[in-house]
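Structure file query15.cif (mmCIF, C-alpha atoms and all ligand atoms) follows.
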```cif
data_query
loop_
_atom_site.label_atom_id
_atom_site.label_comp_id
_atom_site.auth_asym_id
_atom_site.auth_seq_id
_atom_site.Cartn_x
_atom_site.Cartn_y
_atom_site.Cartn_z
CA MET A 1 59.69 6.22 -21.43
CA ALA A 2 59.54 5.80 -17.65
CA ILE A 3 62.96 5.51 -16.07
CA ARG A 4 63.25 3.35 -12.96
CA LYS A 5 66.60 1.63 -13.21
CA VAL A 6 69.78 3.44 -14.20
CA GLY A 7 73.04 1.81 -15.31
CA VAL A 8 76.28 3.74 -14.90
CA VAL A 9 79.43 2.63 -16.73
CA GLY A 10 82.59 3.62 -14.84
CA CYS A 11 82.86 4.49 -11.17
CA GLY A 12 85.60 7.12 -11.34
CA LEU A 13 85.15 10.79 -10.45
CA MET A 14 82.11 11.23 -12.68
CA GLY A 15 80.51 7.77 -12.65
CA SER A 16 80.50 7.68 -8.85
CA GLY A 17 78.85 11.11 -8.74
CA ILE A 18 76.24 10.17 -11.36
CA ALA A 19 75.45 6.93 -9.48
CA GLN A 20 75.14 8.93 -6.26
CA VAL A 21 72.72 11.60 -7.52
CA SER A 22 70.65 8.95 -9.32
CA ALA A 23 70.31 6.89 -6.13
CA GLN A 24 69.58 10.06 -4.14
CA ALA A 25 66.71 10.76 -6.53
CA GLY A 26 65.30 7.28 -5.79
CA TYR A 27 66.46 5.32 -8.85
CA ASP A 28 67.85 1.80 -8.57
CA VAL A 29 71.41 1.99 -9.83
CA ILE A 30 73.85 -0.58 -11.15
CA VAL A 31 77.44 0.50 -11.78
CA ARG A 32 79.91 -1.34 -13.99
CA GLU A 33 83.64 -1.08 -13.35
CA VAL A 34 86.45 -3.11 -14.84
CA THR A 35 87.38 -4.63 -11.49
CA ASP A 36 85.57 -5.01 -8.19
CA GLU A 37 88.41 -3.05 -6.46
CA LEU A 38 87.73 -0.06 -8.72
CA PHE A 39 84.01 -0.27 -7.96
CA GLN A 40 84.74 -0.43 -4.22
CA ARG A 41 86.99 2.61 -4.51
CA GLY A 42 84.20 4.54 -6.26
CA PHE A 43 81.60 3.29 -3.79
CA LYS A 44 83.82 4.57 -0.93
CA ARG A 45 83.90 7.96 -2.65
CA ILE A 46 80.07 7.96 -2.76
CA ALA A 47 79.83 7.00 0.93
CA GLY A 48 82.31 9.77 1.82
CA SER A 49 80.32 12.34 -0.14
CA LEU A 50 77.05 11.29 1.56
CA ASP A 51 78.77 11.37 4.97
CA LYS A 52 79.48 15.06 4.39
CA PHE A 53 75.75 15.70 3.83
CA VAL A 54 75.00 13.84 7.08
CA GLU A 55 77.66 15.83 8.98
CA LYS A 56 76.12 19.07 7.70
CA GLN A 57 72.69 17.75 8.74
CA LYS A 58 71.44 17.94 5.16
CA MET A 59 70.66 14.21 5.20
CA THR A 60 69.87 11.68 7.91
CA ALA A 61 72.07 8.63 8.48
CA ALA A 62 69.08 6.42 7.58
CA ASP A 63 68.64 8.23 4.25
CA ARG A 64 72.37 7.85 3.50
CA ASP A 65 72.11 4.11 4.14
CA ALA A 66 69.03 3.86 1.92
CA VAL A 67 70.83 5.69 -0.91
CA LEU A 68 73.86 3.37 -0.63
CA ALA A 69 71.58 0.32 -0.60
CA ARG A 70 70.14 1.38 -3.99
CA ILE A 71 73.61 1.18 -5.63
CA LYS A 72 74.90 -2.20 -6.82
CA GLY A 73 78.24 -2.90 -8.46
CA THR A 74 79.17 -5.33 -11.21
CA THR A 75 82.00 -6.08 -13.60
CA LYS A 76 79.60 -7.45 -16.25
CA LEU A 77 77.92 -5.14 -18.75
CA ALA A 78 75.25 -7.80 -19.34
CA ASP A 79 73.99 -7.15 -15.79
CA MET A 80 72.65 -3.84 -17.12
CA LYS A 81 70.24 -5.51 -19.53
CA ASP A 82 67.11 -4.42 -17.66
CA CYS A 83 68.12 -0.76 -17.24
CA ASP A 84 65.88 1.95 -18.67
CA LEU A 85 68.74 4.42 -19.03
CA ILE A 86 72.49 3.91 -19.19
CA VAL A 87 74.90 6.75 -18.51
CA GLU A 88 78.37 5.86 -19.67
CA ALA A 89 81.20 7.63 -17.80
CA ALA A 90 84.18 5.47 -18.75
CA ILE A 91 87.58 6.81 -19.72
CA GLU A 92 87.55 9.48 -22.50
CA ASN A 93 88.58 7.16 -25.30
CA PHE A 94 86.53 6.40 -28.41
CA GLU A 95 87.64 2.76 -28.77
CA GLU A 96 86.95 1.98 -25.10
CA LYS A 97 83.54 3.66 -25.14
CA THR A 98 82.40 2.06 -28.40
CA LYS A 99 83.51 -1.37 -27.16
CA VAL A 100 81.14 -0.79 -24.23
CA TYR A 101 78.28 0.37 -26.48
CA ARG A 102 78.57 -2.60 -28.85
CA GLU A 103 78.34 -5.00 -25.92
CA LEU A 104 75.49 -3.10 -24.27
CA ASP A 105 73.56 -2.88 -27.55
CA ALA A 106 73.59 -6.67 -27.81
CA ALA A 107 72.62 -7.17 -24.14
CA CYS A 108 69.94 -4.51 -23.58
CA GLY A 109 66.31 -4.47 -24.66
CA PRO A 110 65.32 -2.12 -27.51
CA ASN A 111 63.85 0.49 -25.17
CA THR A 112 66.98 1.15 -23.12
CA ILE A 113 68.28 4.66 -23.73
CA PHE A 114 72.05 5.04 -24.00
CA SER A 115 73.78 8.25 -23.00
CA SER A 116 77.38 9.34 -22.71
CA ASN A 117 78.97 11.69 -20.22
CA THR A 118 81.76 12.33 -22.73
CA SER A 119 83.30 15.79 -22.65
CA SER A 120 84.51 15.90 -26.22
CA LEU A 121 83.67 12.82 -28.31
CA PRO A 122 80.91 13.19 -30.92
CA ILE A 123 77.71 11.53 -29.68
CA GLY A 124 76.64 10.59 -33.22
CA ASP A 125 79.91 8.73 -33.87
CA MET A 126 79.35 6.56 -30.78
CA ALA A 127 75.65 6.08 -31.53
CA ALA A 128 76.58 4.85 -35.01
CA VAL A 129 78.12 1.64 -33.62
CA THR A 130 74.72 0.69 -32.14
CA LYS A 131 71.37 -0.24 -33.65
CA ARG A 132 69.68 2.50 -31.59
CA PRO A 133 71.10 5.85 -32.75
CA ASP A 134 67.66 7.41 -32.13
CA ARG A 135 67.81 6.29 -28.49
CA PHE A 136 71.25 7.74 -27.83
CA CYS A 137 72.22 11.18 -26.54
CA GLY A 138 74.79 13.04 -24.47
CA LEU A 139 74.23 13.65 -20.75
CA HIS A 140 77.20 15.75 -19.71
CA PHE A 141 77.42 16.24 -15.94
CA PHE A 142 79.96 18.45 -14.15
CA ASN A 143 82.46 17.70 -11.42
CA PRO A 144 81.71 17.28 -8.52
CA VAL A 145 78.38 15.87 -9.71
CA PRO A 146 76.54 16.06 -6.35
CA LEU A 147 77.22 19.81 -6.14
CA MET A 148 77.34 21.13 -9.70
CA LYS A 149 73.93 22.16 -11.00
CA LEU A 150 74.43 21.83 -14.75
CA VAL A 151 73.83 19.02 -17.22
CA GLU A 152 74.32 19.52 -20.94
CA VAL A 153 71.88 17.36 -22.89
CA VAL A 154 73.32 16.72 -26.32
CA ARG A 155 71.26 15.78 -29.36
CA SER A 156 72.98 14.07 -32.26
CA ILE A 157 71.46 14.27 -35.73
CA ASP A 158 69.68 10.98 -34.93
CA THR A 159 68.49 11.56 -31.32
CA SER A 160 64.69 11.29 -31.26
CA ASP A 161 62.47 13.86 -29.54
CA ALA A 162 61.28 11.16 -27.10
CA THR A 163 64.89 10.30 -26.14
CA TYR A 164 65.80 13.95 -25.71
CA GLN A 165 62.72 14.57 -23.54
CA ALA A 166 63.36 11.47 -21.41
CA ALA A 167 67.04 12.41 -20.90
CA LYS A 168 66.13 16.00 -20.03
CA ALA A 169 63.46 14.84 -17.57
CA PHE A 170 65.97 12.45 -15.97
CA ALA A 171 68.59 15.20 -15.53
CA GLU A 172 65.95 17.47 -13.98
CA SER A 173 64.76 14.66 -11.71
CA VAL A 174 68.24 14.42 -10.19
CA GLY A 175 68.12 18.14 -9.41
CA LYS A 176 70.02 19.57 -12.37
CA THR A 177 69.40 22.48 -14.72
CA VAL A 178 69.63 21.50 -18.36
CA VAL A 179 71.16 23.33 -21.27
CA THR A 180 70.72 21.77 -24.68
CA ALA A 181 73.69 21.59 -27.01
CA LYS A 182 74.27 20.32 -30.50
CA ASP A 183 76.66 17.48 -31.14
CA THR A 184 79.87 19.43 -31.56
CA PRO A 185 83.01 18.44 -29.58
CA GLY A 186 83.09 20.25 -26.23
CA PHE A 187 79.39 21.21 -26.48
CA VAL A 188 78.96 24.62 -24.79
CA VAL A 189 81.10 24.56 -21.67
CA ASN A 190 84.25 22.73 -22.77
CA LEU A 191 84.30 24.53 -26.12
CA LEU A 192 84.96 27.69 -24.08
CA LEU A 193 86.68 26.25 -20.99
CA VAL A 194 89.32 23.96 -22.53
CA PRO A 195 91.26 26.69 -24.43
CA TYR A 196 91.31 28.75 -21.22
CA LEU A 197 92.71 25.84 -19.16
CA LEU A 198 95.31 25.02 -21.82
CA ASP A 199 96.33 28.71 -21.98
CA ALA A 200 96.92 28.65 -18.22
CA VAL A 201 99.34 25.72 -18.69
CA ARG A 202 101.00 27.61 -21.57
CA ALA A 203 101.36 30.68 -19.31
CA LEU A 204 103.05 28.54 -16.64
CA GLU A 205 105.25 26.90 -19.27
CA ALA A 206 106.29 30.33 -20.60
CA GLY A 207 107.17 31.52 -17.09
CA VAL A 208 104.59 34.32 -17.13
CA ALA A 209 103.97 33.79 -13.39
CA SER A 210 104.11 31.11 -10.70
CA LYS A 211 101.27 28.56 -10.52
CA GLU A 212 99.99 30.26 -7.35
CA ASP A 213 99.98 33.68 -9.03
CA ILE A 214 98.24 32.36 -12.16
CA ASP A 215 95.55 30.84 -9.94
CA ASN A 216 95.24 33.89 -7.69
CA GLY A 217 95.15 36.17 -10.71
CA MET A 218 92.03 34.48 -12.08
CA LYS A 219 90.45 33.96 -8.65
CA LEU A 220 90.85 37.49 -7.38
CA GLY A 221 90.94 39.33 -10.70
CA CYS A 222 88.00 37.58 -12.35
CA GLY A 223 86.03 36.29 -9.37
CA HIS A 224 86.43 32.64 -10.35
CA PRO A 225 85.88 30.20 -7.45
CA MET A 226 89.22 28.53 -8.20
CA GLY A 227 92.18 29.24 -10.45
CA PRO A 228 92.69 27.31 -13.72
CA LEU A 229 95.56 25.11 -12.48
CA THR A 230 93.61 24.13 -9.36
CA LEU A 231 90.64 23.42 -11.62
CA LEU A 232 92.81 21.25 -13.87
CA ASP A 233 93.90 19.23 -10.82
CA PHE A 234 90.26 18.83 -9.92
CA VAL A 235 89.06 17.79 -13.39
CA GLY A 236 92.02 15.42 -13.90
CA LEU A 237 95.05 16.24 -16.04
CA ASP A 238 94.73 12.94 -17.92
CA THR A 239 91.06 13.58 -18.73
CA THR A 240 91.83 17.15 -19.86
CA TYR A 241 94.69 15.88 -22.01
CA TYR A 242 92.43 13.31 -23.72
CA ILE A 243 89.77 15.99 -24.27
CA ALA A 244 92.32 18.41 -25.77
CA GLU A 245 93.63 15.72 -28.14
CA ILE A 246 90.11 14.88 -29.32
CA MET A 247 89.13 18.53 -29.81
CA PHE A 248 92.39 19.31 -31.63
CA ALA A 249 91.91 16.32 -33.93
CA GLU A 250 88.38 17.53 -34.70
CA PHE A 251 88.95 21.28 -35.15
CA LYS A 252 92.68 21.38 -36.16
CA ASP A 253 92.79 24.60 -34.17
CA THR A 254 95.90 25.22 -32.04
CA ARG A 255 93.75 26.65 -29.25
CA TYR A 256 92.94 23.00 -28.46
CA ALA A 257 96.51 21.68 -28.79
CA ALA A 258 97.75 20.16 -25.52
CA PRO A 259 100.86 22.00 -24.26
CA PRO A 260 103.95 19.77 -23.87
CA LEU A 261 103.98 20.40 -20.09
CA LEU A 262 100.50 18.87 -19.75
CA LYS A 263 101.59 15.80 -21.71
CA ARG A 264 104.79 15.43 -19.64
CA MET A 265 102.81 15.60 -16.41
CA VAL A 266 100.24 13.03 -17.56
CA ASN A 267 102.96 10.67 -18.78
CA ALA A 268 104.63 11.00 -15.36
CA GLY A 269 101.35 10.06 -13.63
CA TYR A 270 100.59 13.55 -12.29
CA ASN A 271 96.87 13.31 -12.95
CA GLY A 272 95.70 15.83 -10.33
CA ARG A 273 93.88 15.34 -7.06
CA LYS A 274 92.77 11.78 -7.83
CA SER A 275 96.42 10.65 -8.09
CA GLY A 276 97.66 12.75 -5.15
CA ARG A 277 99.69 15.04 -7.38
CA GLY A 278 99.09 17.46 -10.23
CA PHE A 279 100.14 21.09 -10.26
CA TYR A 280 99.81 20.85 -6.47
CA HIS A 281 100.32 18.05 -3.94
CA TYR A 282 97.39 16.38 -2.19
CA SER A 283 97.95 14.38 0.96
CA ALA A 284 94.99 12.01 0.59
CA GLN A 285 93.62 10.73 -2.71
CA ALA A 286 90.40 12.58 -3.56
N1 LIG B 1 86.60 14.89 -14.71
C1 LIG B 1 85.71 15.77 -15.09
O1 LIG B 1 85.67 16.92 -14.58
C2 LIG B 1 84.68 15.42 -16.12
C3 LIG B 1 83.56 16.27 -16.26
C4 LIG B 1 82.57 15.93 -17.18
C5 LIG B 1 82.70 14.79 -17.95
N2 LIG B 1 83.81 14.01 -17.81
C6 LIG B 1 83.85 12.79 -18.64
O2 LIG B 1 83.44 11.69 -17.84
C7 LIG B 1 84.12 10.50 -18.27
C8 LIG B 1 84.84 9.88 -17.10
O3 LIG B 1 85.76 10.82 -16.56
P1 LIG B 1 86.26 10.76 -15.04
O4 LIG B 1 86.74 12.12 -14.70
O5 LIG B 1 85.22 10.10 -14.20
O6 LIG B 1 87.52 9.80 -15.22
P2 LIG B 1 88.17 8.83 -14.11
O7 LIG B 1 89.54 8.55 -14.63
O8 LIG B 1 88.02 9.39 -12.75
O9 LIG B 1 87.24 7.53 -14.20
C9 LIG B 1 87.11 6.73 -15.34
C10 LIG B 1 86.71 5.35 -14.85
O10 LIG B 1 86.26 4.57 -15.95
C11 LIG B 1 86.65 3.24 -15.70
N3 LIG B 1 86.57 2.50 -16.95
C12 LIG B 1 87.41 2.50 -18.01
N4 LIG B 1 86.96 1.66 -18.96
C13 LIG B 1 85.79 1.12 -18.50
C14 LIG B 1 84.87 0.18 -18.99
N5 LIG B 1 85.05 -0.38 -20.20
N6 LIG B 1 83.79 -0.14 -18.25
C15 LIG B 1 83.62 0.43 -17.02
N7 LIG B 1 84.47 1.31 -16.48
C16 LIG B 1 85.54 1.66 -17.22
C17 LIG B 1 88.05 3.36 -15.13
O11 LIG B 1 88.41 2.18 -14.43
C18 LIG B 1 87.89 4.58 -14.22
O12 LIG B 1 87.54 4.22 -12.90
C19 LIG B 1 85.02 10.91 -19.44
O13 LIG B 1 84.33 10.69 -20.63
C20 LIG B 1 85.23 12.40 -19.18
O14 LIG B 1 85.54 13.12 -20.34
C21 LIG B 1 84.78 14.28 -16.91
#
```

Here is the file; what I need is its structure written in the form of structure tokens.
Amino acid sequence: MAIRKVGVVGCGLMGSGIAQVSAQAGYDVIVREVTDELFQRGFKRIAGSLDKFVEKQKMTAADRDAVLARIKGTTKLADMKDCDLIVEAAIENFEEKTKVYRELDAACGPNTIFSSNTSSLPIGDMAAVTKRPDRFCGLHFFNPVPLMKLVEVVRSIDTSDATYQAAKAFAESVGKTVVTAKDTPGFVVNLLLVPYLLDAVRALEAGVASKEDIDNGMKLGCGHPMGPLTLLDFVGLDTTYYIAEIMFAEFKDTRYAAPPLLKRMVNAGYNGRKSGRGFYHYSAQA
């Protein structure tokens, strides 16, 4: 299962990063967004990220240009028909993702491997809407993709050994370390991280401390690189809210219940860095 061409669905925080590291590793990449403006916005994020490597002299300007030239944008899923691997990083919503998979399943050849960057949706449930559940797995990258070293490769009950091996080899080829997880919502990292992030919101809601003190407490007291509320701004409050809802629906465990404050903020459009405002203010959109 040689992978040469990679399709990425979604060019938001994660899709843009996945497209970038794939192109940096030498793959031809095609990215699908719902509008050309959204693709251009993601493409600008990729160019900005590569510019930082050039500024730090970790990449030449010629290499940056070559990486950008390997990334094409489209609004049509059918343009991904000749991809060897598709990594879907669309919004965390089962209906939206399965709509994408149904269309891709009809367009792509039988050998194309499908993978999802979902944080919390069961891989097997998405695979079940396609005729290729054996060629379907989870490839869960971390934000920011160009810097974070981990990928969780998720095997559903149907994922074949060949698909798992190809997905693992792909993740390693883009410079990541793989951990293998079973198909349970949240896999390894979010199973543990999401209750912690939600508890930080609950602590703020209960007036335990200011947002700065909650963040400094965990930074300085536990050696975390950033506090939980800063991390929530970074991940996206909307994305975290969707993840919490999905995990709560699955486990019926109040540890995964989204606190009202998180819901209020998302409904008010405070989605974190990407929207300019979350728990903190950001001058430029990240
Ligand atoms: N933010 C994180 O830290 C993080 C980390 C790991 C995994 N994830 C997962 O990655 C996925 C994307 O999250 P994100 O943070 O990039 O969100 P985001 O909001 O930054 O980007 C989502 C993008 O998907 C696009 N989109 C929606 N429907 C689409 C469709 N049908 N076809 C193509 N594009 C579509 C949207 O226009 C948007 O640009 C989610 O499943 C999320 O759970 C997020």

Go through chain A residue by residue and, counting all atoms listed in the file, keep those with an atom at most 7 Å from ligand LIG 1 (chain B); for each kept residue give the shortest atom pair and its distance in Å to one decimal, ordered by chain and increasing number, as JSON lines.
```
{"residue": "A:Val9", "atom": "CA", "partner": "B:LIG1", "partner_atom": "C15", "distance": 4.7}
{"residue": "A:Gly10", "atom": "CA", "partner": "B:LIG1", "partner_atom": "N7", "distance": 3.4}
{"residue": "A:Cys11", "atom": "CA", "partner": "B:LIG1", "partner_atom": "O12", "distance": 5.0}
{"residue": "A:Gly12", "atom": "CA", "partner": "B:LIG1", "partner_atom": "O9", "distance": 3.3}
{"residue": "A:Leu13", "atom": "CA", "partner": "B:LIG1", "partner_atom": "O5", "distance": 3.8}
{"residue": "A:Met14", "atom": "CA", "partner": "B:LIG1", "partner_atom": "O5", "distance": 3.6}
{"residue": "A:Gly15", "atom": "CA", "partner": "B:LIG1", "partner_atom": "O5", "distance": 5.5}
{"residue": "A:Arg32", "atom": "CA", "partner": "B:LIG1", "partner_atom": "C15", "distance": 5.1}
{"residue": "A:Glu33", "atom": "CA", "partner": "B:LIG1", "partner_atom": "C15", "distance": 4.0}
{"residue": "A:Val34", "atom": "CA", "partner": "B:LIG1", "partner_atom": "C15", "distance": 5.0}
{"residue": "A:Leu38", "atom": "CA", "partner": "B:LIG1", "partner_atom": "O12", "distance": 6.0}
{"residue": "A:Ala89", "atom": "CA", "partner": "B:LIG1", "partner_atom": "C7", "distance": 4.1}
{"residue": "A:Ala90", "atom": "CA", "partner": "B:LIG1", "partner_atom": "O10", "distance": 3.6}
{"residue": "A:Ile91", "atom": "CA", "partner": "B:LIG1", "partner_atom": "C9", "distance": 4.4}
{"residue": "A:Glu92", "atom": "CA", "partner": "B:LIG1", "partner_atom": "O13", "distance": 3.9}
{"residue": "A:Glu96", "atom": "CA", "partner": "B:LIG1", "partner_atom": "N5", "distance": 5.8}
{"residue": "A:Lys97", "atom": "CA", "partner": "B:LIG1", "partner_atom": "N5", "distance": 6.6}
{"residue": "A:Val100", "atom": "CA", "partner": "B:LIG1", "partner_atom": "N5", "distance": 5.6}
{"residue": "A:Asn117", "atom": "CA", "partner": "B:LIG1", "partner_atom": "O2", "distance": 5.1}
{"residue": "A:Thr118", "atom": "CA", "partner": "B:LIG1", "partner_atom": "O13", "distance": 3.7}
{"residue": "A:Ser119", "atom": "CA", "partner": "B:LIG1", "partner_atom": "O14", "distance": 4.2}
{"residue": "A:Ser120", "atom": "CA", "partner": "B:LIG1", "partner_atom": "O14", "distance": 6.6}
{"residue": "A:His140", "atom": "CA", "partner": "B:LIG1", "partner_atom": "C5", "distance": 5.9}
{"residue": "A:Phe141", "atom": "CA", "partner": "B:LIG1", "partner_atom": "C4", "distance": 5.3}
{"residue": "A:Phe142", "atom": "CA", "partner": "B:LIG1", "partner_atom": "C3", "distance": 4.7}
{"residue": "A:Asn143", "atom": "CA", "partner": "B:LIG1", "partner_atom": "O1", "distance": 4.6}
{"residue": "A:Phe234", "atom": "CA", "partner": "B:LIG1", "partner_atom": "O1", "distance": 6.8}
{"residue": "A:Val235", "atom": "CA", "partner": "B:LIG1", "partner_atom": "O1", "distance": 3.7}
{"residue": "A:Gly236", "atom": "CA", "partner": "B:LIG1", "partner_atom": "N1", "distance": 5.5}
{"residue": "A:Thr239", "atom": "CA", "partner": "B:LIG1", "partner_atom": "O14", "distance": 5.8}
{"residue": "A:Ile243", "atom": "CA", "partner": "B:LIG1", "partner_atom": "O14", "distance": 6.4}
```

Point-to-point distance from atom CA of Asn271 of chain A to atom CA of Asp238 of chain A, Å rounded to tenths: 5.4 Å

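Interatomic distance, atom CA of Thr163 of chain A to atom CA of Arg135 of chain A: 5.5 Å.
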
Might you pull out every residue within 10 Å of Val29 of chain A, with all atoms listed in the file counted and same-chain residues fewer than 4 positions away left off, and present them as a PDB file with C-alpha atoms, keeping the file's coordinate frame?
```
ATOM      1  CA  ARG A   4      63.250   3.350 -12.960  1.00  0.00           C
ATOM      2  CA  LYS A   5      66.600   1.630 -13.210  1.00  0.00           C
ATOM      3  CA  VAL A   6      69.780   3.440 -14.200  1.00  0.00           C
ATOM      4  CA  GLY A   7      73.040   1.810 -15.310  1.00  0.00           C
ATOM      5  CA  VAL A   8      76.280   3.740 -14.900  1.00  0.00           C
ATOM      6  CA  ILE A  18      76.240  10.170 -11.360  1.00  0.00           C
ATOM      7  CA  ALA A  19      75.450   6.930  -9.480  1.00  0.00           C
ATOM      8  CA  GLN A  20      75.140   8.930  -6.260  1.00  0.00           C
ATOM      9  CA  VAL A  21      72.720  11.600  -7.520  1.00  0.00           C
ATOM     10  CA  SER A  22      70.650   8.950  -9.320  1.00  0.00           C
ATOM     11  CA  ALA A  23      70.310   6.890  -6.130  1.00  0.00           C
ATOM     12  CA  VAL A  67      70.830   5.690  -0.910  1.00  0.00           C
ATOM     13  CA  LEU A  68      73.860   3.370  -0.630  1.00  0.00           C
ATOM     14  CA  ALA A  69      71.580   0.320  -0.600  1.00  0.00           C
ATOM     15  CA  ARG A  70      70.140   1.380  -3.990  1.00  0.00           C
ATOM     16  CA  ILE A  71      73.610   1.180  -5.630  1.00  0.00           C
ATOM     17  CA  LYS A  72      74.900  -2.200  -6.820  1.00  0.00           C
ATOM     18  CA  GLY A  73      78.240  -2.900  -8.460  1.00  0.00           C
ATOM     19  CA  MET A  80      72.650  -3.840 -17.120  1.00  0.00           C
ATOM     20  CA  CYS A  83      68.120  -0.760 -17.240  1.00  0.00           C
ATOM     21  CA  LEU A  85      68.740   4.420 -19.030  1.00  0.00           C
ATOM     22  CA  ILE A  86      72.490   3.910 -19.190  1.00  0.00           C
TER      23      ILE A  86
END
```

What's the 10 Å shell around segment 201-218 of chain A, counting all atoms listed in the file, without same-chain residues fewer than 3 positions away, as an NGL selection string? :A and (195-198 or 221-232 or 258-262 or 279-280)

Writing out the chosen residues with C-alpha atoms as a short mmCIF file (atom, residue, chain, number, x, y, z; two decimals), keeping the file's coordinate frame:
```cif
data_model
loop_
_atom_site.label_atom_id
_atom_site.label_comp_id
_atom_site.auth_asym_id
_atom_site.auth_seq_id
_atom_site.Cartn_x
_atom_site.Cartn_y
_atom_site.Cartn_z
CA PRO A 195 91.26 26.69 -24.43
CA TYR A 196 91.31 28.75 -21.22
CA LEU A 197 92.71 25.84 -19.16
CA LEU A 198 95.31 25.02 -21.82
CA GLY A 221 90.94 39.33 -10.70
CA CYS A 222 88.00 37.58 -12.35
CA GLY A 223 86.03 36.29 -9.37
CA HIS A 224 86.43 32.64 -10.35
CA PRO A 225 85.88 30.20 -7.45
CA MET A 226 89.22 28.53 -8.20
CA GLY A 227 92.18 29.24 -10.45
CA PRO A 228 92.69 27.31 -13.72
CA LEU A 229 95.56 25.11 -12.48
CA THR A 230 93.61 24.13 -9.36
CA LEU A 231 90.64 23.42 -11.62
CA LEU A 232 92.81 21.25 -13.87
CA ALA A 258 97.75 20.16 -25.52
CA PRO A 259 100.86 22.00 -24.26
CA PRO A 260 103.95 19.77 -23.87
CA LEU A 261 103.98 20.40 -20.09
CA LEU A 262 100.50 18.87 -19.75
CA PHE A 279 100.14 21.09 -10.26
CA TYR A 280 99.81 20.85 -6.47
#
```

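Shortest separation to Thr112 of chain A among A:Val188, A:Val194, A:Met59, A:Ala166 occurs at residue A:Ala166, atoms counted being all atoms listed in the file.
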
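Distance check against Tyr270 of chain A using all atoms listed in the file: of A:Leu50, A:Met247, A:Val153, A:Leu237, the minimum falls on A:Leu237.
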
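Using all atoms listed in the file for every distance, the candidate list A:Tyr242, A:Phe53, A:Phe39, A:Phe170 yields A:Phe170 as the residue closest to Asp84 of chain A.
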
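Nearest residue to Ala249 of chain A, choosing from A:Val178, A:Leu121, A:Met126, A:Leu139 and counting only C-alpha atoms: A:Leu121.
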
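When only C-alpha atoms are used to compute distances to Tyr101 of chain A, the closest of the residues A:Ala244, A:Val189, A:Val179, A:Ala127 turns out to be A:Ala127.
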
Phe251 of chain A: which residues within 10 Å, counting only C-alpha atoms, same-chain residues fewer than 6 positions away excluded, as a ChimeraX atom specification? /A:184-185,257

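Pairwise distance (atom CA of Ile30 of chain A, atom CA of Ser173 of chain A) equals 17.8 Å.
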
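The nearest approach to Val174 of chain A among the residues A:Ser156, A:Ile246, A:Met148, A:Arg132, with all atoms listed in the file taken into account, belongs to A:Met148.
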
Atoms added to segment 93-105 of chain A (N, CA and C atoms), reported as a compact mmCIF listing (two decimals), keeping the file's coordinate frame:
```txt
# COMPACT_ATOMS: atom_id res chain seq x y z
N ASN A 93 87.87 7.82 -24.21
CA ASN A 93 88.58 7.16 -25.30
C ASN A 93 87.54 6.49 -26.20
N PHE A 94 87.57 6.85 -27.48
CA PHE A 94 86.53 6.40 -28.41
C PHE A 94 86.46 4.88 -28.51
N GLU A 95 87.62 4.23 -28.61
CA GLU A 95 87.64 2.76 -28.77
C GLU A 95 87.04 2.09 -27.54
N GLU A 96 87.44 2.58 -26.34
CA GLU A 96 86.95 1.98 -25.10
C GLU A 96 85.43 2.18 -24.98
N LYS A 97 84.98 3.38 -25.29
CA LYS A 97 83.54 3.66 -25.14
C LYS A 97 82.72 2.85 -26.15
N THR A 98 83.20 2.77 -27.41
CA THR A 98 82.40 2.06 -28.40
C THR A 98 82.40 0.55 -28.16
N LYS A 99 83.49 0.05 -27.55
CA LYS A 99 83.51 -1.37 -27.16
C LYS A 99 82.36 -1.62 -26.17
N VAL A 100 82.22 -0.70 -25.23
CA VAL A 100 81.14 -0.79 -24.23
C VAL A 100 79.78 -0.75 -24.92
N TYR A 101 79.59 0.21 -25.84
CA TYR A 101 78.28 0.37 -26.48
C TYR A 101 77.89 -0.83 -27.33
N ARG A 102 78.87 -1.42 -28.02
CA ARG A 102 78.57 -2.60 -28.85
C ARG A 102 78.04 -3.72 -27.96
N GLU A 103 78.73 -3.91 -26.82
CA GLU A 103 78.34 -5.00 -25.92
C GLU A 103 76.97 -4.70 -25.29
N LEU A 104 76.77 -3.47 -24.89
CA LEU A 104 75.49 -3.10 -24.27
C LEU A 104 74.34 -3.23 -25.27
N ASP A 105 74.61 -2.85 -26.52
CA ASP A 105 73.56 -2.88 -27.55
C ASP A 105 73.05 -4.30 -27.75
```
